[in-house]
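J.: Just one file: protein20.cif, with mmCIF, C-alpha atoms and all ligand atoms.
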data_target
loop_
_atom_site.label_atom_id
_atom_site.label_comp_id
_atom_site.auth_asym_id
_atom_site.auth_seq_id
_atom_site.Cartn_x
_atom_site.Cartn_y
_atom_site.Cartn_z
CA MET R 1 70.34 115.63 95.16
CA VAL R 2 73.42 117.86 94.88
CA GLU R 3 75.56 117.10 91.88
CA SER R 4 79.24 116.37 92.33
CA LEU R 5 81.74 118.77 90.75
CA TYR R 6 82.39 116.23 88.02
CA GLY R 7 80.66 113.06 86.90
CA ILE R 8 81.02 109.91 84.85
CA PRO R 9 81.31 111.53 81.39
CA VAL R 10 84.60 113.23 82.33
CA GLU R 11 85.99 110.85 84.98
CA ARG R 12 89.43 109.36 84.38
CA LYS R 13 89.46 105.60 84.81
CA ALA R 14 91.91 105.50 87.67
CA ILE R 15 92.06 104.52 91.33
CA TRP R 16 93.82 107.04 93.52
CA VAL R 17 95.31 106.30 96.91
CA PHE R 18 96.25 109.00 99.41
CA LEU R 19 99.82 108.04 100.35
CA GLU R 20 99.94 109.16 103.94
CA GLN R 21 103.38 109.46 105.46
CA CYS R 22 104.82 110.80 108.66
CA GLU R 23 108.40 112.02 108.74
CA GLY R 24 109.23 110.09 105.58
CA VAL R 25 107.66 106.77 106.61
CA PHE R 26 104.45 105.51 105.03
CA GLU R 27 101.48 104.73 107.22
CA GLY R 28 100.91 100.97 106.96
CA VAL R 29 97.37 101.50 105.68
CA SER R 30 98.68 103.38 102.62
CA LEU R 31 100.69 100.33 101.57
CA GLU R 32 97.71 98.09 102.29
CA LEU R 33 95.54 100.29 100.07
CA LEU R 34 98.14 100.17 97.30
CA SER R 35 98.05 96.40 97.44
CA LYS R 36 94.24 96.27 97.35
CA GLY R 37 94.14 99.08 94.78
CA ARG R 38 96.54 97.13 92.54
CA LEU R 39 94.19 94.14 92.52
CA MET R 40 91.19 96.33 91.70
CA ALA R 41 93.05 98.31 89.02
CA ASP R 42 94.25 95.10 87.35
CA ARG R 43 90.71 93.77 87.35
CA MET R 44 89.48 96.91 85.60
CA GLY R 45 92.52 97.58 83.39
CA TRP R 46 92.83 100.99 85.08
CA GLN R 47 95.74 102.99 86.45
CA LEU R 48 96.65 102.98 90.13
CA VAL R 49 97.83 106.42 91.15
CA GLY R 50 99.37 107.48 94.47
CA LEU R 51 98.98 111.03 95.77
CA LEU R 52 102.07 111.84 97.83
CA MET R 53 102.29 115.12 99.75
CA GLY R 54 105.00 116.26 102.12
CA LYS R 55 108.39 117.92 102.39
CA GLY R 56 111.45 116.03 101.15
CA VAL R 57 109.39 112.92 100.39
CA LYS R 58 110.50 112.31 96.81
CA LYS R 59 112.30 109.10 97.76
CA LEU R 60 108.99 107.60 98.89
CA ALA R 61 107.60 107.76 95.34
CA GLN R 62 109.71 104.77 94.25
CA GLU R 63 108.60 102.83 97.31
CA ALA R 64 104.96 103.43 96.35
CA ILE R 65 105.70 102.18 92.84
CA ALA R 66 107.35 99.08 94.31
CA TYR R 67 104.12 98.46 96.25
CA GLY R 68 101.99 98.69 93.12
CA ALA R 69 101.41 102.30 92.00
CA ASP R 70 101.65 102.96 88.25
CA LYS R 71 102.07 106.66 88.82
CA VAL R 72 102.84 108.89 91.79
CA LEU R 73 101.68 112.49 91.87
CA LEU R 74 104.24 114.22 94.04
CA ALA R 75 103.58 117.49 95.87
CA ASP R 76 106.82 118.32 97.66
CA HIS R 77 106.71 121.68 99.43
CA PRO R 78 107.94 123.19 102.71
CA LEU R 79 104.36 124.02 103.73
CA LEU R 80 103.46 120.33 103.44
CA GLU R 81 106.02 119.29 106.05
CA ASN R 82 103.29 118.62 108.63
CA PHE R 83 99.74 117.56 107.93
CA THR R 84 97.33 120.46 108.00
CA ILE R 85 93.92 120.10 106.45
CA ASP R 86 94.19 123.54 104.85
CA ALA R 87 97.36 122.68 102.93
CA PHE R 88 96.74 119.01 102.19
CA GLY R 89 93.07 119.61 101.39
CA HIS R 90 93.96 122.41 98.98
CA VAL R 91 96.64 120.46 97.11
CA ALA R 92 94.59 117.26 96.94
CA PHE R 93 91.48 119.15 95.76
CA GLN R 94 93.42 120.82 92.96
CA ALA R 95 95.04 117.56 91.88
CA ILE R 96 91.69 115.77 91.84
CA MET R 97 89.98 118.52 89.85
CA GLU R 98 92.85 118.49 87.37
CA ASP R 99 92.72 114.74 86.75
CA LYS R 100 89.17 113.78 87.82
CA PRO R 101 89.81 110.22 89.00
CA SER R 102 86.98 107.75 89.32
CA VAL R 103 88.01 106.46 92.76
CA PHE R 104 89.81 108.06 95.72
CA LEU R 105 90.85 105.90 98.69
CA SER R 106 92.33 106.95 101.99
CA GLY R 107 93.31 105.26 105.23
CA ALA R 108 90.85 105.81 108.07
CA THR R 109 93.60 107.38 110.16
CA PRO R 110 92.96 110.70 111.92
CA ASN R 111 94.58 112.61 109.04
CA GLY R 112 93.10 110.38 106.34
CA ARG R 113 89.61 110.84 107.76
CA ASP R 114 90.15 114.57 108.02
CA LEU R 115 91.31 114.82 104.41
CA ALA R 116 88.65 112.52 102.96
CA GLY R 117 85.84 114.32 104.78
CA ARG R 118 87.02 117.75 103.67
CA LEU R 119 87.45 116.61 100.07
CA ALA R 120 84.06 114.89 99.91
CA VAL R 121 82.34 118.10 100.99
CA ARG R 122 84.31 120.28 98.57
CA LEU R 123 83.79 117.85 95.68
CA ARG R 124 80.15 117.33 96.66
CA THR R 125 80.51 113.61 96.45
CA GLY R 126 79.84 110.75 98.85
CA LEU R 127 82.26 109.11 101.25
CA ASN R 128 81.99 105.56 102.53
CA ALA R 129 83.80 105.60 105.85
CA ASP R 130 85.50 102.66 107.59
CA CYS R 131 84.86 100.17 104.83
CA THR R 132 85.38 96.51 105.64
CA ASP R 133 85.87 95.53 101.99
CA LEU R 134 86.08 97.10 98.54
CA ARG R 135 85.63 95.77 95.04
CA MET R 136 85.11 97.15 91.55
CA ASP R 137 82.11 96.11 89.47
CA LEU R 138 83.65 95.01 86.20
CA GLU R 139 80.62 95.92 84.09
CA THR R 140 79.78 99.33 85.49
CA GLY R 141 83.09 100.59 86.88
CA VAL R 142 81.32 101.29 90.14
CA LEU R 143 83.14 100.91 93.43
CA VAL R 144 81.26 98.59 95.77
CA SER R 145 82.09 99.43 99.39
CA GLU R 146 81.18 97.11 102.22
CA VAL R 147 80.29 98.98 105.39
CA SER R 148 78.86 97.60 108.63
CA GLY R 149 75.74 99.40 109.77
CA PHE R 150 73.06 99.41 112.48
CA GLY R 151 75.58 98.57 115.20
CA GLY R 152 77.07 95.74 113.17
CA GLY R 153 73.71 94.06 112.59
CA VAL R 154 73.99 94.41 108.82
CA LEU R 155 76.75 94.60 106.25
CA ALA R 156 75.70 97.17 103.66
CA LEU R 157 77.08 97.27 100.13
CA ILE R 158 77.16 100.89 99.02
CA GLU R 159 77.55 102.10 95.45
CA MET R 160 77.78 105.62 94.10
CA GLN R 161 75.96 105.57 90.81
CA LYS R 162 76.63 109.11 89.63
CA HIS R 163 78.85 111.04 92.03
CA ARG R 164 82.57 111.18 91.44
CA PRO R 165 85.12 110.55 92.73
CA GLN R 166 83.88 107.48 94.56
CA MET R 167 85.50 107.96 97.95
CA ALA R 168 86.17 105.47 100.70
CA THR R 169 88.26 105.19 103.84
CA VAL R 170 89.59 101.93 105.22
CA ARG R 171 91.18 101.23 108.58
CA THR R 172 94.62 99.74 109.11
CA GLY R 173 94.68 95.96 108.99
CA VAL R 174 91.59 95.41 106.86
CA PHE R 175 93.66 94.51 103.79
CA PRO R 176 96.93 92.61 103.89
CA PRO R 177 100.02 94.57 102.86
CA GLY R 178 101.60 93.43 99.61
CA GLU R 179 105.23 92.54 99.04
CA PRO R 180 107.31 95.30 97.41
CA ASN R 181 108.81 94.61 94.00
CA VAL R 182 111.84 96.86 93.68
CA ASP R 183 112.06 96.14 89.94
CA ARG R 184 108.65 97.71 89.24
CA THR R 185 108.80 100.89 87.25
CA GLY R 186 106.36 103.77 87.18
CA GLU R 187 105.98 107.44 86.53
CA VAL R 188 106.56 110.22 89.05
CA LEU R 189 104.82 113.47 88.20
CA GLN R 190 105.72 116.61 90.15
CA LEU R 191 102.66 118.73 90.99
CA THR R 192 102.79 122.51 91.01
CA VAL R 193 102.01 123.68 94.55
CA ASP R 194 100.67 127.23 94.99
CA LEU R 195 100.44 127.27 98.79
CA THR R 196 101.11 130.37 100.85
CA ARG R 197 101.58 130.55 104.62
CA GLU R 198 98.41 132.68 104.94
CA MET R 199 96.30 129.81 103.60
CA ILE R 200 97.17 127.60 106.57
CA LYS R 201 95.10 128.39 109.63
CA THR R 202 96.38 125.46 111.71
CA LYS R 203 99.57 126.25 113.64
CA LEU R 204 101.54 123.26 114.84
CA LYS R 205 102.92 124.11 118.27
CA GLU R 206 104.31 120.80 119.41
CA ARG R 207 104.41 117.23 118.18
CA VAL R 208 103.94 114.66 120.93
CA VAL R 209 104.65 111.11 119.87
CA GLY R 210 102.93 108.58 122.12
CA GLU R 211 104.61 105.38 123.18
CA GLY R 212 101.49 103.61 122.07
CA VAL R 213 101.27 99.99 121.12
CA ASP R 214 100.27 99.05 117.59
CA LEU R 215 98.14 95.93 117.92
CA THR R 216 97.81 95.65 114.15
CA GLN R 217 101.45 94.53 114.03
CA ALA R 218 101.19 91.88 116.77
CA GLU R 219 101.79 88.30 115.65
CA ILE R 220 100.39 86.88 118.89
CA LEU R 221 97.48 88.55 120.61
CA VAL R 222 96.10 87.68 124.05
CA VAL R 223 92.72 89.37 124.44
CA GLY R 224 90.88 89.68 127.73
CA GLY R 225 87.18 90.47 127.83
CA ARG R 226 84.80 91.26 130.65
CA GLY R 227 85.19 87.65 131.80
CA VAL R 228 88.78 88.20 132.99
CA ASN R 229 87.44 90.65 135.55
CA GLY R 230 90.21 93.21 135.04
CA ASP R 231 93.07 90.75 135.62
CA TYR R 232 95.33 92.02 132.87
CA GLN R 233 98.43 90.94 134.79
CA MET R 234 97.44 87.38 134.01
CA MET R 235 96.95 88.34 130.35
CA ARG R 236 100.34 90.05 130.33
CA LYS R 237 102.07 86.94 131.79
CA LEU R 238 100.65 84.79 129.01
CA ALA R 239 101.42 87.38 126.33
CA ASP R 240 105.03 87.68 127.54
CA LEU R 241 105.52 83.93 127.44
CA LEU R 242 104.20 83.87 123.90
CA GLU R 243 106.07 87.06 122.98
CA GLY R 244 102.79 88.69 122.08
CA GLU R 245 100.66 91.71 122.94
CA VAL R 246 97.67 92.20 125.21
CA GLY R 247 94.36 93.37 123.81
CA ALA R 248 90.93 93.90 125.32
CA THR R 249 87.27 94.21 124.48
CA ARG R 250 85.38 97.43 124.91
CA PRO R 251 83.79 96.96 128.37
CA PRO R 252 87.13 96.71 130.27
CA VAL R 253 88.41 99.69 128.27
CA ASP R 254 85.31 101.72 129.10
CA GLU R 255 85.70 100.77 132.75
CA GLY R 256 89.29 102.06 132.73
CA GLN R 257 90.84 98.63 133.42
CA ILE R 258 93.17 98.91 130.43
CA GLU R 259 94.30 101.58 127.94
CA ARG R 260 91.98 102.46 125.06
CA GLU R 261 94.72 101.81 122.49
CA ARG R 262 94.48 98.10 123.40
CA MET R 263 90.87 97.80 122.29
CA VAL R 264 90.29 95.25 119.53
CA GLY R 265 87.28 95.44 117.24
CA GLN R 266 85.23 97.77 115.15
CA THR R 267 86.08 100.85 117.19
CA GLY R 268 89.43 99.46 118.26
CA SER R 269 92.11 97.85 116.10
CA VAL R 270 91.55 95.40 113.28
CA CYS R 271 94.37 92.89 113.81
CA ARG R 272 95.97 90.14 111.75
CA PRO R 273 97.79 88.02 114.31
CA LYS R 274 98.98 84.51 113.60
CA VAL R 275 97.35 83.45 116.86
CA ALA R 276 94.69 85.19 118.95
CA VAL R 277 93.99 83.78 122.43
CA VAL R 278 90.61 85.21 123.36
CA CYS R 279 89.69 84.91 127.04
CA GLY R 280 86.34 85.69 128.66
CA VAL R 281 84.96 87.33 125.50
CA SER R 282 81.39 86.65 124.37
CA GLY R 283 82.07 87.19 120.65
CA ALA R 284 79.91 90.20 119.77
CA PHE R 285 80.09 91.22 116.11
CA HIS R 286 81.81 94.50 116.98
CA PHE R 287 84.63 92.58 118.60
CA VAL R 288 84.93 89.77 116.06
CA VAL R 289 85.63 92.31 113.30
CA GLY R 290 88.95 92.91 115.05
CA ILE R 291 90.14 89.29 114.94
CA GLN R 292 88.42 88.03 111.82
CA TYR R 293 91.75 87.96 109.93
CA ALA R 294 93.63 86.02 112.62
CA ASP R 295 95.13 82.79 111.29
CA THR R 296 94.16 80.84 114.40
CA VAL R 297 91.74 81.77 117.17
CA ILE R 298 91.79 80.00 120.54
CA ALA R 299 88.80 80.92 122.71
CA ILE R 300 88.34 80.29 126.43
CA ASN R 301 84.86 80.86 127.83
CA SER R 302 82.86 79.31 130.66
CA ASP R 303 79.67 79.41 128.58
CA PRO R 304 79.61 76.57 126.02
CA GLU R 305 77.02 78.54 124.02
CA ALA R 306 79.17 81.70 123.75
CA PRO R 307 79.10 83.00 120.14
CA ILE R 308 82.91 83.37 120.16
CA PHE R 309 83.11 79.60 119.71
CA ASP R 310 81.57 80.01 116.24
CA TYR R 311 84.69 81.91 115.19
CA ALA R 312 87.30 79.93 117.11
CA ASP R 313 89.53 77.20 115.74
CA TYR R 314 90.15 75.83 119.23
CA CYS R 315 87.39 76.06 121.85
CA ILE R 316 88.12 75.67 125.54
CA VAL R 317 85.05 75.62 127.77
CA GLY R 318 85.99 76.55 131.32
CA ASP R 319 86.86 79.23 133.82
CA VAL R 320 89.73 81.48 132.66
CA PHE R 321 90.96 81.60 136.27
CA ASP R 322 91.51 77.81 136.17
CA ILE R 323 92.72 77.49 132.61
CA LEU R 324 95.08 80.43 132.24
CA PRO R 325 97.25 79.75 135.33
CA ALA R 326 97.56 76.12 134.21
CA LEU R 327 98.47 77.24 130.68
CA ILE R 328 100.99 79.76 132.00
CA ASN R 329 102.64 77.11 134.19
CA ALA R 330 102.74 74.65 131.32
CA LEU R 331 104.35 77.21 129.02
CA LYS R 332 106.95 78.12 131.66
CA VAL R 333 108.29 74.60 131.61
CA ALA R 334 107.71 73.97 127.91
CA PRO R 335 110.90 73.65 125.90
CA GLY R 336 111.49 76.44 123.39
CA VAL R 337 109.29 78.96 125.19
CA LYS R 338 110.93 82.06 126.59
CA HIS R 339 110.63 82.18 130.39
CA ALA R 340 108.82 85.20 131.80
C1 LIG L 1 78.93 100.88 117.65
C2 LIG L 1 79.59 99.89 118.58
C3 LIG L 1 80.94 99.64 118.44
C4 LIG L 1 81.58 98.71 119.28
N1 LIG L 1 82.91 98.48 119.10
C5 LIG L 1 83.50 97.52 119.85
C6 LIG L 1 84.89 97.18 119.66
O1 LIG L 1 85.59 97.77 118.85
N2 LIG L 1 85.40 96.21 120.42
C7 LIG L 1 84.67 95.50 121.35
O2 LIG L 1 85.21 94.59 122.00
N3 LIG L 1 83.36 95.82 121.56
C8 LIG L 1 82.78 96.80 120.85
N4 LIG L 1 81.46 97.09 121.08
C9 LIG L 1 80.77 96.39 122.19
C10 LIG L 1 80.35 94.99 121.76
O3 LIG L 1 79.09 95.04 121.12
C11 LIG L 1 80.24 94.05 123.01
O4 LIG L 1 79.39 94.64 123.96
C12 LIG L 1 81.59 93.75 123.64
O5 LIG L 1 82.50 93.26 122.69
C13 LIG L 1 81.41 92.68 124.75
O6 LIG L 1 82.63 92.53 125.40
P1 LIG L 1 82.93 91.19 126.20
O7 LIG L 1 82.81 90.01 125.28
O8 LIG L 1 84.23 91.38 126.92
O9 LIG L 1 81.81 91.18 127.34
P2 LIG L 1 80.52 90.29 127.49
O10 LIG L 1 79.67 90.33 126.27
O11 LIG L 1 79.91 90.67 128.78
O12 LIG L 1 81.09 88.81 127.59
C14 LIG L 1 81.83 88.32 128.65
C15 LIG L 1 82.06 86.83 128.40
O13 LIG L 1 82.93 86.33 129.39
C16 LIG L 1 82.50 85.04 129.75
N5 LIG L 1 82.98 84.79 131.11
C17 LIG L 1 82.59 85.41 132.25
N6 LIG L 1 83.31 84.96 133.29
C18 LIG L 1 84.18 84.04 132.78
C19 LIG L 1 85.19 83.24 133.35
N7 LIG L 1 85.48 83.30 134.65
N8 LIG L 1 85.86 82.39 132.55
C20 LIG L 1 85.60 82.30 131.22
N9 LIG L 1 84.66 83.07 130.63
C21 LIG L 1 83.96 83.92 131.39
C22 LIG L 1 80.99 85.08 129.65
O14 LIG L 1 80.46 83.77 129.45
C23 LIG L 1 80.79 85.99 128.46
O15 LIG L 1 80.68 85.24 127.25
C24 LIG L 1 80.83 98.03 120.27
C25 LIG L 1 79.46 98.29 120.41
C26 LIG L 1 78.84 99.22 119.58
C27 LIG L 1 77.37 99.46 119.75
#
Output the structure of this file as structure tokens.

T.:
Amino acid sequence: MVESLYGIPVERKAIWVFLEQCEGVFEGVSLELLSKGRLMADRMGWQLVGLLMGKGVKKLAQEAIAYGADKVLLADHPLLENFTIDAFGHVAFQAIMEDKPSVFLSGATPNGRDLAGRLAVRLRTGLNADCTDLRMDLETGVLVSEVSGFGGGVLALIEMQKHRPQMATVRTGVFPPGEPNVDRTGEVLQLTVDLTREMIKTKLKERVVGEGVDLTQAEILVVGGRGVNGDYQMMRKLADLLEGEVGATRPPVDEGQIERERMVGQTGSVCRPKVAVVCGVSGAFHFVVGIQYADTVIAINSDPEAPIFDYADYCIVGDVFDILPALINALKVAPGVKHA
């Protein structure tokens, strides 16, 4: 087995979080990781360190401290204005080799995945991707990462016994975001950045910002599965009445009945709505991952044996094409509900 560039004898007992930001705003998953990282660092008596890279992002360091970081390593440089793996990978690699942290966490965003993958290869360590939970073993200081495997049939607990840093990526919504404490104090350490333009092979030509929906922020989610037979207008009517968002399972997305960004589940979004109304969905593991943190799940399915009922708080057995129109009509006349 290949040895990592550094190991346990020289590791620094610290949990690092890649603080991903875009145009001066943190990605939600970075704040979620700070909150989870804080709990793990407290359990171990370790430091929680944020790695912040960008241009003109100094003001974000205090925000990271408010969300739980003890220390922020700040790399502020014109060549870090936009994410490029050459620049971010170089700076992060140098910072890691300088400090040799035990744990490095990143959001499983496109950039976070890119960075974590590049770093894992350069550091010759392992990377647990798309973890569904993380915890520190108090005795050994080993990070225990929960990852679903074999198509969701098993939940594997993965530990890195020798390789360092112990790396993991986590998707948005898996951990709840913490509350900021503006009175928290911490250290901000400016990193020396030795980037040159020649080192960056990626040339950013244009930034196109999609109008995409972020289901992870929805408080009410109305999800339609294969059982709604592509009738997302009906889903939209209900979602509008409840001031919520429309989501879908994978089959209707694959069949082009609804946009991919609305997919809920393991390959879609992991959501934390207060209420999820789940219609015509069987309840496959890959889907349930996406609503497992919902406060309340209401399921409508014509099959009384559908596995979704095992996860639902309220189970309605019946045809969605009977139940939903009746529900929509009832909500239209219900006091206190916004009329569509
Ligand atoms: C690696 C991998 C990743 C995956 N990731 C995801 C993911 O992120 N998200 C996801 O959703 N899936 C994902 N899948 C697919 C997943 O395993 C299931 O196949 C999928 O969730 C099933 O979608 P469904 O419940 O809409 O369809 P089905 O399983 O076909 O269920 C349809 C349900 O509708 C009910 N029904 C039919 N007609 C009516 C009616 N008129 N009224 C009421 N109920 C009715 C049926 O009783 C049935 O229970 C993934 C699969 C793999 C292998």

J.: For CA of Asp319 (chain R) and CA of Val213 (chain R), determine how far apart the two atoms are, in Å to one decimal place.

T.: 28.3 Å

J.: When you look at region 84-94 of chain R with a cut-off of 7 Å (counting only C-alpha atoms), what residues show up, excluding the ones that are within fewer than 5 positions of it in the same chain? I need them as a PyMOL selection string.

T.: chain R and resi 114-115+118-119+193+195+199-202

J.: Could you list, as a list in words, every residue within 8 Å of region 274-276 of chain R, counting all atoms listed in the file and ignoring same-chain residues fewer than 5 positions away?

T.: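 Selected residues are Glu219, Ile220, Leu221, Val222, Val223, Ile291, Ala294, Asp295, Thr296, Val297 and Ile298 of chain R.
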
J.: Select the residues contacting ligand LIG 1 (chain L) at a distance of at most 9 Å, based on all atoms listed in the file, then format the selection as a VMD selection string.

T.: chain R and resid 149 to 152 224 to 229 248 to 253 263 to 270 279 to 290 300 to 308 317 to 323

J.: Could you jot down the CA of Leu33 (chain R) to CA of Gly56 (chain R) separation for me, Å, one decimal place?

T.: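 Computed distance, CA of Leu33 (chain R) to CA of Gly56 (chain R), equals 22.4 Å.
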
J.: What lies within 6 Å of Gly54 (chain R) using all atoms listed in the file, ignoring chain neighbours under 2 positions off, as an MDAnalysis selection string?

T.: chainID R and resid 57 76 80:81

J.: In Å to one decimal, how far is CA of Arg184 (chain R) from CA of Pro273 (chain R)?

T.: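 Answer for the CA of Pro273 (chain R) to CA of Arg184 (chain R) separation: 29.0 Å.
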
J.: Which one is closest to Asp183 (chain R): R:Ile158, R:Ala75, R:Ile65, R:Val142? Count all atoms listed in the file.

T.: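 Closest to Asp183 (chain R), using all atoms listed in the file: R:Ile65.
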
J.: Select all residues near (81.9, 97.9, 98.3) (cut-off 7 Å, inclusive, file coordinates), counting all atoms listed in the file, and output them as a list in words.

T.: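 Those residues lying close to the given coordinates are Asp133, Leu134, Arg135, Leu143, Val144, Ser145, Glu146, Leu157, Ile158 and Glu159 of chain R.
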
J.: In terms of the shortest atom-to-atom distance over all atoms listed in the file, which of R:Leu324, R:Gly153, R:Asn181, R:Glu198 is closest to Met234 (chain R)?

T.: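 Of all the options, R:Leu324 lies closest to Met234 (chain R).
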
J.: Which is closer to Ser4 (chain R) than all the others in R:Tyr67, R:Pro78, R:Leu238, R:Gln166, using all atoms listed in the file?

T.: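 Under the stated criterion, the closest residue is R:Gln166.
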
J.: Hey, what's within 10 Å of Met97 (chain R) if we count only C-alpha atoms and toss same-chain stuff fewer than 3 positions away? As a list in words, please?

T.: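 Everything that qualifies: Leu5, Tyr6, Glu11, Ala92, Phe93, Gln94, Lys100, Pro101, Leu123 and Pro165 of chain R.
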
J.: Might you pull out every residue within 12 Å of region 330-334 of chain R, with all atoms listed in the file counted and same-chain residues fewer than 5 positions away left off, and present them as a list in words?

T.: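 My list of contacting residues is Lys237, Leu238, Ala239, Asp240, Leu241, Leu242, Glu243, Ile323, Leu324, Pro325, His339 and Ala340 of chain R.
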
J.: Measuring atom to atom with only C-alpha atoms, identify which of R:Val278, R:Leu73, R:Val17, R:Ile96 is nearest to Leu191 (chain R).

T.: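 That would be R:Leu73, the residue with the smallest distance to Leu191 (chain R).
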
J.: For a quick check of understanding, using all atoms listed in the file, which of R:His77, R:Arg43, R:Arg272, R:Lys58 has the smallest distance to Gly173 (chain R)?

T.: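 Answer, going by the shortest atom-to-atom distance: R:Arg272.
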
J.: Name the residues within 9 Å of (86.1, 97.3, 104.6), counting all atoms listed in the file in the file's coordinates, and put them as a compact mmCIF listing (two decimals) with C-alpha atoms, in the coordinates of the input.

T.:
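Written output follows (out.txt):
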# COMPACT_ATOMS: atom_id res chain seq x y z
CA ALA R 129 83.80 105.60 105.85
CA ASP R 130 85.50 102.66 107.59
CA CYS R 131 84.86 100.17 104.83
CA THR R 132 85.38 96.51 105.64
CA ASP R 133 85.87 95.53 101.99
CA LEU R 134 86.08 97.10 98.54
CA SER R 145 82.09 99.43 99.39
CA GLU R 146 81.18 97.11 102.22
CA VAL R 147 80.29 98.98 105.39
CA SER R 148 78.86 97.60 108.63
CA THR R 169 88.26 105.19 103.84
CA VAL R 170 89.59 101.93 105.22
CA ARG R 171 91.18 101.23 108.58
CA VAL R 174 91.59 95.41 106.86
CA PHE R 175 93.66 94.51 103.79

J.: Have a look at R:Met53, R:Leu127, R:Met40, R:Met160 and name the one nearest to Ile8 (chain R); count all atoms listed in the file.

T.: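 For Ile8 (chain R), the nearest of the given residues is R:Met160.
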